[in-house]
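Okay, model.pdb is below, PDB, C-alpha atoms, pLDDT in the B column:
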```
ATOM      1  CA  MET A   1      16.362  57.152   7.007  1.00 61.00           C
ATOM      2  CA  PRO A   2      15.287  53.641   8.089  1.00 77.00           C
ATOM      3  CA  VAL A   3      12.274  52.302   6.201  1.00 79.00           C
ATOM      4  CA  PHE A   4      10.312  52.006   9.451  1.00 86.00           C
ATOM      5  CA  ALA A   5      10.003  55.745  10.100  1.00 85.00           C
ATOM      6  CA  PRO A   6       8.380  56.832   6.808  1.00 85.00           C
ATOM      7  CA  LEU A   7       6.056  53.828   6.771  1.00 86.00           C
ATOM      8  CA  TRP A   8       5.068  54.464  10.394  1.00 88.00           C
ATOM      9  CA  MET A   9       4.289  58.105   9.623  1.00 87.00           C
ATOM     10  CA  LEU A  10       2.277  57.084   6.555  1.00 86.00           C
ATOM     11  CA  PHE A  11       0.335  54.577   8.678  1.00 88.00           C
ATOM     12  CA  LEU A  12      -0.346  57.156  11.383  1.00 87.00           C
ATOM     13  CA  CYS A  13      -1.634  59.677   8.857  1.00 86.00           C
ATOM     14  CA  CYS A  14      -4.376  57.149   8.008  1.00 85.00           C
ATOM     15  CA  ILE A  15      -5.822  56.954  11.524  1.00 85.00           C
ATOM     16  CA  VAL A  16      -4.908  60.013  13.604  1.00 82.00           C
ATOM     17  CA  CYS A  17      -6.989  62.634  11.834  1.00 81.00           C
ATOM     18  CA  SER A  18      -9.512  64.206  14.184  1.00 79.00           C
ATOM     19  CA  THR A  19     -13.166  63.435  13.530  1.00 79.00           C
ATOM     20  CA  GLY A  20     -14.177  67.038  12.916  1.00 75.00           C
ATOM     21  CA  SER A  21     -11.261  67.960  10.686  1.00 76.00           C
ATOM     22  CA  ALA A  22     -11.310  68.265   6.899  1.00 71.00           C
ATOM     23  CA  GLY A  23      -8.440  65.821   6.533  1.00 74.00           C
ATOM     24  CA  GLY A  24      -9.090  62.488   4.896  1.00 76.00           C
ATOM     25  CA  GLY A  25      -8.453  59.035   6.196  1.00 81.00           C
ATOM     26  CA  ILE A  26     -10.121  56.715   8.633  1.00 87.00           C
ATOM     27  CA  LYS A  27     -10.204  59.261  11.495  1.00 86.00           C
ATOM     28  CA  MET A  28      -9.703  58.570  15.186  1.00 89.00           C
ATOM     29  CA  PHE A  29     -13.345  57.884  16.046  1.00 90.00           C
ATOM     30  CA  ARG A  30     -13.646  55.200  13.388  1.00 90.00           C
ATOM     31  CA  THR A  31     -10.385  53.638  14.585  1.00 91.00           C
ATOM     32  CA  LEU A  32     -11.662  53.620  18.173  1.00 92.00           C
ATOM     33  CA  LEU A  33     -14.999  52.171  17.109  1.00 93.00           C
ATOM     34  CA  LEU A  34     -13.285  49.486  15.028  1.00 92.00           C
ATOM     35  CA  SER A  35     -11.075  48.480  17.967  1.00 93.00           C
ATOM     36  CA  GLN A  36     -14.109  48.347  20.276  1.00 93.00           C
ATOM     37  CA  GLN A  37     -15.965  46.237  17.683  1.00 93.00           C
ATOM     38  CA  ALA A  38     -13.005  43.826  17.493  1.00 94.00           C
ATOM     39  CA  ARG A  39     -12.918  43.588  21.291  1.00 93.00           C
ATOM     40  CA  ARG A  40     -16.654  42.866  21.285  1.00 93.00           C
ATOM     41  CA  GLU A  41     -16.283  40.120  18.661  1.00 93.00           C
ATOM     42  CA  LEU A  42     -13.530  38.449  20.706  1.00 94.00           C
ATOM     43  CA  LYS A  43     -15.797  38.529  23.750  1.00 93.00           C
ATOM     44  CA  LEU A  44     -18.673  37.023  21.748  1.00 93.00           C
ATOM     45  CA  LEU A  45     -16.427  34.195  20.559  1.00 94.00           C
ATOM     46  CA  VAL A  46     -15.826  33.184  24.172  1.00 94.00           C
ATOM     47  CA  HIS A  47     -19.400  33.931  25.345  1.00 93.00           C
ATOM     48  CA  PRO A  48     -21.685  33.507  22.302  1.00 90.00           C
ATOM     49  CA  SER A  49     -24.924  34.348  24.135  1.00 91.00           C
ATOM     50  CA  ALA A  50     -23.591  37.465  25.860  1.00 89.00           C
ATOM     51  CA  VAL A  51     -25.109  40.850  25.195  1.00 89.00           C
ATOM     52  CA  ALA A  52     -22.142  43.097  24.464  1.00 89.00           C
ATOM     53  CA  PRO A  53     -23.003  46.455  22.964  1.00 91.00           C
ATOM     54  CA  VAL A  54     -20.218  48.659  21.646  1.00 92.00           C
ATOM     55  CA  ARG A  55     -19.812  51.634  23.969  1.00 92.00           C
ATOM     56  CA  ILE A  56     -17.746  54.750  23.497  1.00 91.00           C
ATOM     57  CA  GLY A  57     -17.722  57.402  26.193  1.00 90.00           C
ATOM     58  CA  GLY A  58     -20.487  55.570  28.051  1.00 89.00           C
ATOM     59  CA  ARG A  59     -22.844  55.763  25.062  1.00 93.00           C
ATOM     60  CA  THR A  60     -24.019  52.697  23.192  1.00 93.00           C
ATOM     61  CA  ILE A  61     -23.204  52.832  19.502  1.00 93.00           C
ATOM     62  CA  PRO A  62     -25.992  51.465  17.271  1.00 93.00           C
ATOM     63  CA  GLU A  63     -25.213  48.339  15.264  1.00 91.00           C
ATOM     64  CA  ARG A  64     -25.938  50.257  12.056  1.00 94.00           C
ATOM     65  CA  VAL A  65     -23.140  52.724  12.847  1.00 93.00           C
ATOM     66  CA  CYS A  66     -20.695  49.881  13.548  1.00 92.00           C
ATOM     67  CA  ASN A  67     -21.598  48.250  10.237  1.00 93.00           C
ATOM     68  CA  SER A  68     -21.216  51.512   8.333  1.00 92.00           C
ATOM     69  CA  VAL A  69     -17.745  52.025   9.818  1.00 92.00           C
ATOM     70  CA  LEU A  70     -16.754  48.523   8.739  1.00 93.00           C
ATOM     71  CA  ALA A  71     -18.092  49.265   5.240  1.00 93.00           C
ATOM     72  CA  PHE A  72     -16.219  52.582   5.154  1.00 92.00           C
ATOM     73  CA  ILE A  73     -12.924  50.956   6.104  1.00 92.00           C
ATOM     74  CA  PHE A  74     -13.427  48.266   3.464  1.00 94.00           C
ATOM     75  CA  LEU A  75     -14.106  50.945   0.822  1.00 93.00           C
ATOM     76  CA  TYR A  76     -11.127  52.973   2.064  1.00 92.00           C
ATOM     77  CA  PHE A  77      -8.708  50.091   1.581  1.00 93.00           C
ATOM     78  CA  MET A  78     -10.236  49.003  -1.742  1.00 95.00           C
ATOM     79  CA  THR A  79     -10.058  52.581  -3.028  1.00 94.00           C
ATOM     80  CA  ALA A  80      -6.438  52.893  -1.926  1.00 94.00           C
ATOM     81  CA  ALA A  81      -5.603  49.571  -3.591  1.00 96.00           C
ATOM     82  CA  ALA A  82      -7.406  50.470  -6.842  1.00 97.00           C
ATOM     83  CA  LEU A  83      -5.727  53.875  -7.071  1.00 97.00           C
ATOM     84  CA  THR A  84      -2.333  52.332  -6.261  1.00 96.00           C
ATOM     85  CA  PHE A  85      -2.829  49.866  -9.108  1.00 97.00           C
ATOM     86  CA  ALA A  86      -3.872  52.751 -11.375  1.00 97.00           C
ATOM     87  CA  LEU A  87      -0.606  54.551 -10.605  1.00 96.00           C
ATOM     88  CA  LEU A  88       1.353  51.324 -11.064  1.00 96.00           C
ATOM     89  CA  ALA A  89      -0.252  50.949 -14.506  1.00 97.00           C
ATOM     90  CA  THR A  90       1.124  54.366 -15.470  1.00 95.00           C
ATOM     91  CA  GLY A  91       4.684  53.194 -14.862  1.00 94.00           C
ATOM     92  CA  LEU A  92       5.449  54.387 -11.322  1.00 95.00           C
ATOM     93  CA  ASP A  93       7.253  52.108  -8.893  1.00 93.00           C
ATOM     94  CA  PHE A  94       5.323  50.594  -5.979  1.00 94.00           C
ATOM     95  CA  ASP A  95       6.786  52.815  -3.233  1.00 91.00           C
ATOM     96  CA  THR A  96       5.906  56.001  -5.072  1.00 93.00           C
ATOM     97  CA  SER A  97       2.464  54.737  -6.142  1.00 95.00           C
ATOM     98  CA  PHE A  98       1.450  53.542  -2.691  1.00 94.00           C
ATOM     99  CA  GLY A  99       2.939  56.539  -0.920  1.00 92.00           C
ATOM    100  CA  ALA A 100       1.315  59.036  -3.276  1.00 94.00           C
ATOM    101  CA  VAL A 101      -2.127  57.429  -2.957  1.00 94.00           C
ATOM    102  CA  VAL A 102      -2.037  57.153   0.828  1.00 93.00           C
ATOM    103  CA  ALA A 103      -0.733  60.699   1.207  1.00 91.00           C
ATOM    104  CA  SER A 104      -3.309  62.018  -1.257  1.00 92.00           C
ATOM    105  CA  ILE A 105      -6.319  60.187   0.144  1.00 93.00           C
ATOM    106  CA  ASN A 106      -5.367  61.337   3.661  1.00 90.00           C
ATOM    107  CA  ASN A 107      -4.481  64.865   2.500  1.00 88.00           C
ATOM    108  CA  THR A 108      -1.163  64.792   4.328  1.00 86.00           C
ATOM    109  CA  GLY A 109       1.439  65.873   1.791  1.00 82.00           C
ATOM    110  CA  PRO A 110       4.584  63.774   1.435  1.00 86.00           C
ATOM    111  CA  GLY A 111       4.387  60.106   0.555  1.00 87.00           C
ATOM    112  CA  LEU A 112       7.131  57.634  -0.250  1.00 89.00           C
ATOM    113  CA  GLY A 113       9.606  57.222  -3.081  1.00 87.00           C
ATOM    114  CA  SER A 114       9.823  60.106  -5.533  1.00 89.00           C
ATOM    115  CA  VAL A 115       7.026  61.980  -3.710  1.00 90.00           C
ATOM    116  CA  GLY A 116       8.579  61.442  -0.282  1.00 83.00           C
ATOM    117  CA  PRO A 117       9.727  64.005   2.272  1.00 83.00           C
ATOM    118  CA  GLY A 118      11.849  66.728   0.738  1.00 83.00           C
ATOM    119  CA  LYS A 119      10.481  65.996  -2.735  1.00 87.00           C
ATOM    120  CA  THR A 120       7.462  67.221  -4.682  1.00 88.00           C
ATOM    121  CA  TYR A 121       4.758  65.770  -6.900  1.00 90.00           C
ATOM    122  CA  GLN A 122       6.165  67.765  -9.829  1.00 91.00           C
ATOM    123  CA  SER A 123       7.772  64.669 -11.339  1.00 90.00           C
ATOM    124  CA  LEU A 124       4.380  63.018 -11.894  1.00 93.00           C
ATOM    125  CA  THR A 125       2.765  63.020 -15.322  1.00 94.00           C
ATOM    126  CA  VAL A 126      -0.598  64.667 -15.959  1.00 96.00           C
ATOM    127  CA  LEU A 127      -2.460  61.330 -15.662  1.00 96.00           C
ATOM    128  CA  GLN A 128      -0.662  60.465 -12.425  1.00 95.00           C
ATOM    129  CA  THR A 129      -1.508  63.892 -11.038  1.00 95.00           C
ATOM    130  CA  TRP A 130      -5.191  63.391 -11.904  1.00 97.00           C
ATOM    131  CA  ILE A 131      -5.189  60.021 -10.126  1.00 96.00           C
ATOM    132  CA  CYS A 132      -3.711  61.683  -7.023  1.00 94.00           C
ATOM    133  CA  THR A 133      -6.291  64.478  -7.357  1.00 94.00           C
ATOM    134  CA  ALA A 134      -9.092  61.894  -7.430  1.00 94.00           C
ATOM    135  CA  ALA A 135      -7.612  60.331  -4.287  1.00 94.00           C
ATOM    136  CA  MET A 136      -7.507  63.744  -2.597  1.00 92.00           C
ATOM    137  CA  LEU A 137     -11.144  64.428  -3.455  1.00 92.00           C
ATOM    138  CA  LEU A 138     -12.212  60.995  -2.203  1.00 91.00           C
ATOM    139  CA  GLY A 139     -10.380  61.579   1.062  1.00 88.00           C
ATOM    140  CA  ARG A 140     -11.537  65.149   1.587  1.00 88.00           C
ATOM    141  CA  LEU A 141     -15.186  64.639   0.624  1.00 88.00           C
ATOM    142  CA  GLU A 142     -15.428  61.217   2.305  1.00 86.00           C
ATOM    143  CA  ILE A 143     -15.511  58.061   0.233  1.00 89.00           C
ATOM    144  CA  PHE A 144     -19.211  57.288   0.832  1.00 88.00           C
ATOM    145  CA  SER A 145     -20.290  60.765  -0.270  1.00 88.00           C
ATOM    146  CA  VAL A 146     -18.434  60.512  -3.562  1.00 90.00           C
ATOM    147  CA  LEU A 147     -19.083  56.854  -4.391  1.00 90.00           C
ATOM    148  CA  VAL A 148     -22.820  57.178  -3.779  1.00 91.00           C
ATOM    149  CA  LEU A 149     -22.901  59.542  -6.769  1.00 91.00           C
ATOM    150  CA  PHE A 150     -22.027  56.569  -8.996  1.00 90.00           C
ATOM    151  CA  THR A 151     -24.936  54.392  -7.863  1.00 91.00           C
ATOM    152  CA  PRO A 152     -28.067  54.236 -10.033  1.00 93.00           C
ATOM    153  CA  ALA A 153     -30.330  54.442  -6.970  1.00 91.00           C
ATOM    154  CA  PHE A 154     -29.012  57.908  -6.152  1.00 90.00           C
ATOM    155  CA  TRP A 155     -30.174  59.302  -9.493  1.00 90.00           C
ATOM    156  CA  ARG A 156     -33.664  57.739  -9.396  1.00 88.00           C
ATOM    157  CA  LYS A 157     -36.517  59.806  -8.041  1.00 72.00           C
TER
END
```

As structure tokens, the full file:
Amino acid sequence: MPVFAPLWMLFLCCIVCSTGSAGGGIKMFRTLLLSQQARRELKLLVHPSAVAPVRIGGRTIPERVCNSVLAFIFLYFMTAAALTFALLATGLDFDTSFGAVVASINNTGPGLGSVGPGKTYQSLTVLQTWICTAAMLLGRLEIFSVLVLFTPAFWRK
């Protein structure tokens, strides 16, 4: 199979999950909002004093929501990178590490390499399986919801 097809499917699994579903990933609404935000920023570069709110479906999206989506996407990519490096540190090759993390964080199933289509995660060690499990939990429970548990402010009364 050409390398394009599996990578394209892995990319799509990051952004095509419906907003109300339990799947992980960036979700379609966040992708739409991010593209609208980018369009707005391009417009503001040409017309710096323009008032250009982000609108989706005719409704204005508050600036706070736009900023939280940007923060989520940053955390999503940093989490995927950190977990990929964690799998690389256990001895897996890059294709398998990256594919396993992206598939796990998006809750989609097959990844790349030795966890690709037609293969299973059975070849992973216990530590590698736990790293993929952490990725699945982060994707399923939403990254913000899980990472906020590790902030000191959350535990203060």

(request) Excluding Val146 in chain A and residues on its chain fewer than 5 positions from it, collect all residues at most 9 Å away from it, counting all atoms listed in the file, and give them as a list in words. (result) Leu137, Leu138 and Leu141 of chain A

Result set, the PyMOL selection byres ((chain A and resi 37) around 12) on current file, as a PDB file with C-alpha atoms, in the coordinates of the input:
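Final output, result04.pdb:
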```
ATOM      1  CA  ARG A  30     -13.646  55.200  13.388  1.00 90.00           C
ATOM      2  CA  THR A  31     -10.385  53.638  14.585  1.00 91.00           C
ATOM      3  CA  LEU A  32     -11.662  53.620  18.173  1.00 92.00           C
ATOM      4  CA  LEU A  33     -14.999  52.171  17.109  1.00 93.00           C
ATOM      5  CA  LEU A  34     -13.285  49.486  15.028  1.00 92.00           C
ATOM      6  CA  SER A  35     -11.075  48.480  17.967  1.00 93.00           C
ATOM      7  CA  GLN A  36     -14.109  48.347  20.276  1.00 93.00           C
ATOM      8  CA  ALA A  38     -13.005  43.826  17.493  1.00 94.00           C
ATOM      9  CA  ARG A  39     -12.918  43.588  21.291  1.00 93.00           C
ATOM     10  CA  ARG A  40     -16.654  42.866  21.285  1.00 93.00           C
ATOM     11  CA  GLU A  41     -16.283  40.120  18.661  1.00 93.00           C
ATOM     12  CA  LEU A  42     -13.530  38.449  20.706  1.00 94.00           C
ATOM     13  CA  LYS A  43     -15.797  38.529  23.750  1.00 93.00           C
ATOM     14  CA  LEU A  44     -18.673  37.023  21.748  1.00 93.00           C
ATOM     15  CA  ALA A  52     -22.142  43.097  24.464  1.00 89.00           C
ATOM     16  CA  PRO A  53     -23.003  46.455  22.964  1.00 91.00           C
ATOM     17  CA  VAL A  54     -20.218  48.659  21.646  1.00 92.00           C
ATOM     18  CA  ARG A  55     -19.812  51.634  23.969  1.00 92.00           C
ATOM     19  CA  ILE A  56     -17.746  54.750  23.497  1.00 91.00           C
ATOM     20  CA  THR A  60     -24.019  52.697  23.192  1.00 93.00           C
ATOM     21  CA  ILE A  61     -23.204  52.832  19.502  1.00 93.00           C
ATOM     22  CA  PRO A  62     -25.992  51.465  17.271  1.00 93.00           C
ATOM     23  CA  GLU A  63     -25.213  48.339  15.264  1.00 91.00           C
ATOM     24  CA  VAL A  65     -23.140  52.724  12.847  1.00 93.00           C
ATOM     25  CA  CYS A  66     -20.695  49.881  13.548  1.00 92.00           C
ATOM     26  CA  ASN A  67     -21.598  48.250  10.237  1.00 93.00           C
ATOM     27  CA  SER A  68     -21.216  51.512   8.333  1.00 92.00           C
ATOM     28  CA  VAL A  69     -17.745  52.025   9.818  1.00 92.00           C
ATOM     29  CA  LEU A  70     -16.754  48.523   8.739  1.00 93.00           C
TER      30      LEU A  70
END
```

(message) Given only C-alpha atoms as the basis, pick out the residue of A:Leu124, A:Ala103, A:Leu7, A:Ile73 nearest to Gly91 in chain A.
(response) A:Leu124

Could you produce a table of the residues of range 44-123 of chain A lying within 10 Å of range 11-25 of chain A, with the nearest pair of atoms per residue and their separation in Å rounded to one decimal, using all atoms listed in the file, ordered by chain and increasing residue number, as CSV?
```
residue,atom,partner,partner_atom,distance
A:Ile73,CA,A:Gly25,CA,9.2
A:Tyr76,CA,A:Gly25,CA,7.8
A:Val102,CA,A:Cys14,CA,7.6
A:Ala103,CA,A:Cys13,CA,7.8
A:Ser104,CA,A:Gly24,CA,8.5
A:Ile105,CA,A:Gly24,CA,6.0
A:Asn106,CA,A:Gly24,CA,4.1
A:Asn107,CA,A:Gly24,CA,5.7
A:Thr108,CA,A:Cys13,CA,6.8
A:Gly109,CA,A:Cys13,CA,9.9
```

(message) For a test of reading the model, state the distance in Å between CA of Lys27 in chain A and CA of Met9 in chain A, rounded to one decimal.
(response)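 Result for CA of Lys27 in chain A versus CA of Met9 in chain A: 14.7 Å, one decimal.
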
(request) Quote the spacing between CA of Ile143 in chain A and CA of Ala89 in chain A in Å to one decimal place. (result)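 Spanning CA of Ile143 in chain A to CA of Ala89 in chain A is a straight-line distance of 22.4 Å.
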
Please return range 58-72 of chain A, rebuilt to N, CA, C and O atoms, as a tab-separated table (two decimals), in the frame of the given file.
```
chain	number	residue	atom	x	y	z
A	58	GLY	N	-19.29	55.90	27.30
A	58	GLY	CA	-20.49	55.57	28.05
A	58	GLY	C	-21.76	55.49	27.22
A	58	GLY	O	-22.81	55.15	27.73
A	59	ARG	N	-21.67	55.80	25.94
A	59	ARG	CA	-22.84	55.76	25.06
A	59	ARG	C	-22.79	54.51	24.19
A	59	ARG	O	-21.75	54.19	23.64
A	60	THR	N	-23.93	53.87	24.05
A	60	THR	CA	-24.02	52.70	23.19
A	60	THR	C	-24.08	53.14	21.73
A	60	THR	O	-24.86	54.01	21.37
A	61	ILE	N	-23.25	52.52	20.93
A	61	ILE	CA	-23.20	52.83	19.50
A	61	ILE	C	-24.13	51.85	18.78
A	61	ILE	O	-24.00	50.64	18.95
A	62	PRO	N	-25.08	52.36	17.99
A	62	PRO	CA	-25.99	51.46	17.27
A	62	PRO	C	-25.25	50.52	16.31
A	62	PRO	O	-24.20	50.88	15.76
A	63	GLU	N	-25.81	49.34	16.15
A	63	GLU	CA	-25.21	48.34	15.26
A	63	GLU	C	-25.05	48.87	13.84
A	63	GLU	O	-24.09	48.58	13.15
A	64	ARG	N	-25.99	49.67	13.41
A	64	ARG	CA	-25.94	50.26	12.06
A	64	ARG	C	-24.69	51.12	11.88
A	64	ARG	O	-24.06	51.10	10.83
A	65	VAL	N	-24.33	51.88	12.91
A	65	VAL	CA	-23.14	52.72	12.85
A	65	VAL	C	-21.88	51.85	12.77
A	65	VAL	O	-20.97	52.12	11.99
A	66	CYS	N	-21.84	50.79	13.58
A	66	CYS	CA	-20.70	49.88	13.55
A	66	CYS	C	-20.54	49.26	12.16
A	66	CYS	O	-19.42	49.18	11.63
A	67	ASN	N	-21.65	48.85	11.57
A	67	ASN	CA	-21.60	48.25	10.24
A	67	ASN	C	-21.16	49.27	9.18
A	67	ASN	O	-20.43	48.94	8.26
A	68	SER	N	-21.61	50.51	9.32
A	68	SER	CA	-21.22	51.51	8.33
A	68	SER	C	-19.73	51.84	8.45
A	68	SER	O	-19.08	52.12	7.43
A	69	VAL	N	-19.18	51.80	9.65
A	69	VAL	CA	-17.74	52.02	9.82
A	69	VAL	C	-16.95	50.88	9.19
A	69	VAL	O	-15.95	51.11	8.51
A	70	LEU	N	-17.42	49.66	9.38
A	70	LEU	CA	-16.75	48.52	8.74
A	70	LEU	C	-16.81	48.66	7.22
A	70	LEU	O	-15.82	48.41	6.52
A	71	ALA	N	-17.96	49.07	6.69
A	71	ALA	CA	-18.09	49.26	5.24
A	71	ALA	C	-17.18	50.39	4.76
A	71	ALA	O	-16.56	50.29	3.70
A	72	PHE	N	-17.09	51.47	5.53
A	72	PHE	CA	-16.22	52.58	5.15
A	72	PHE	C	-14.77	52.13	5.07
A	72	PHE	O	-14.05	52.47	4.12
```
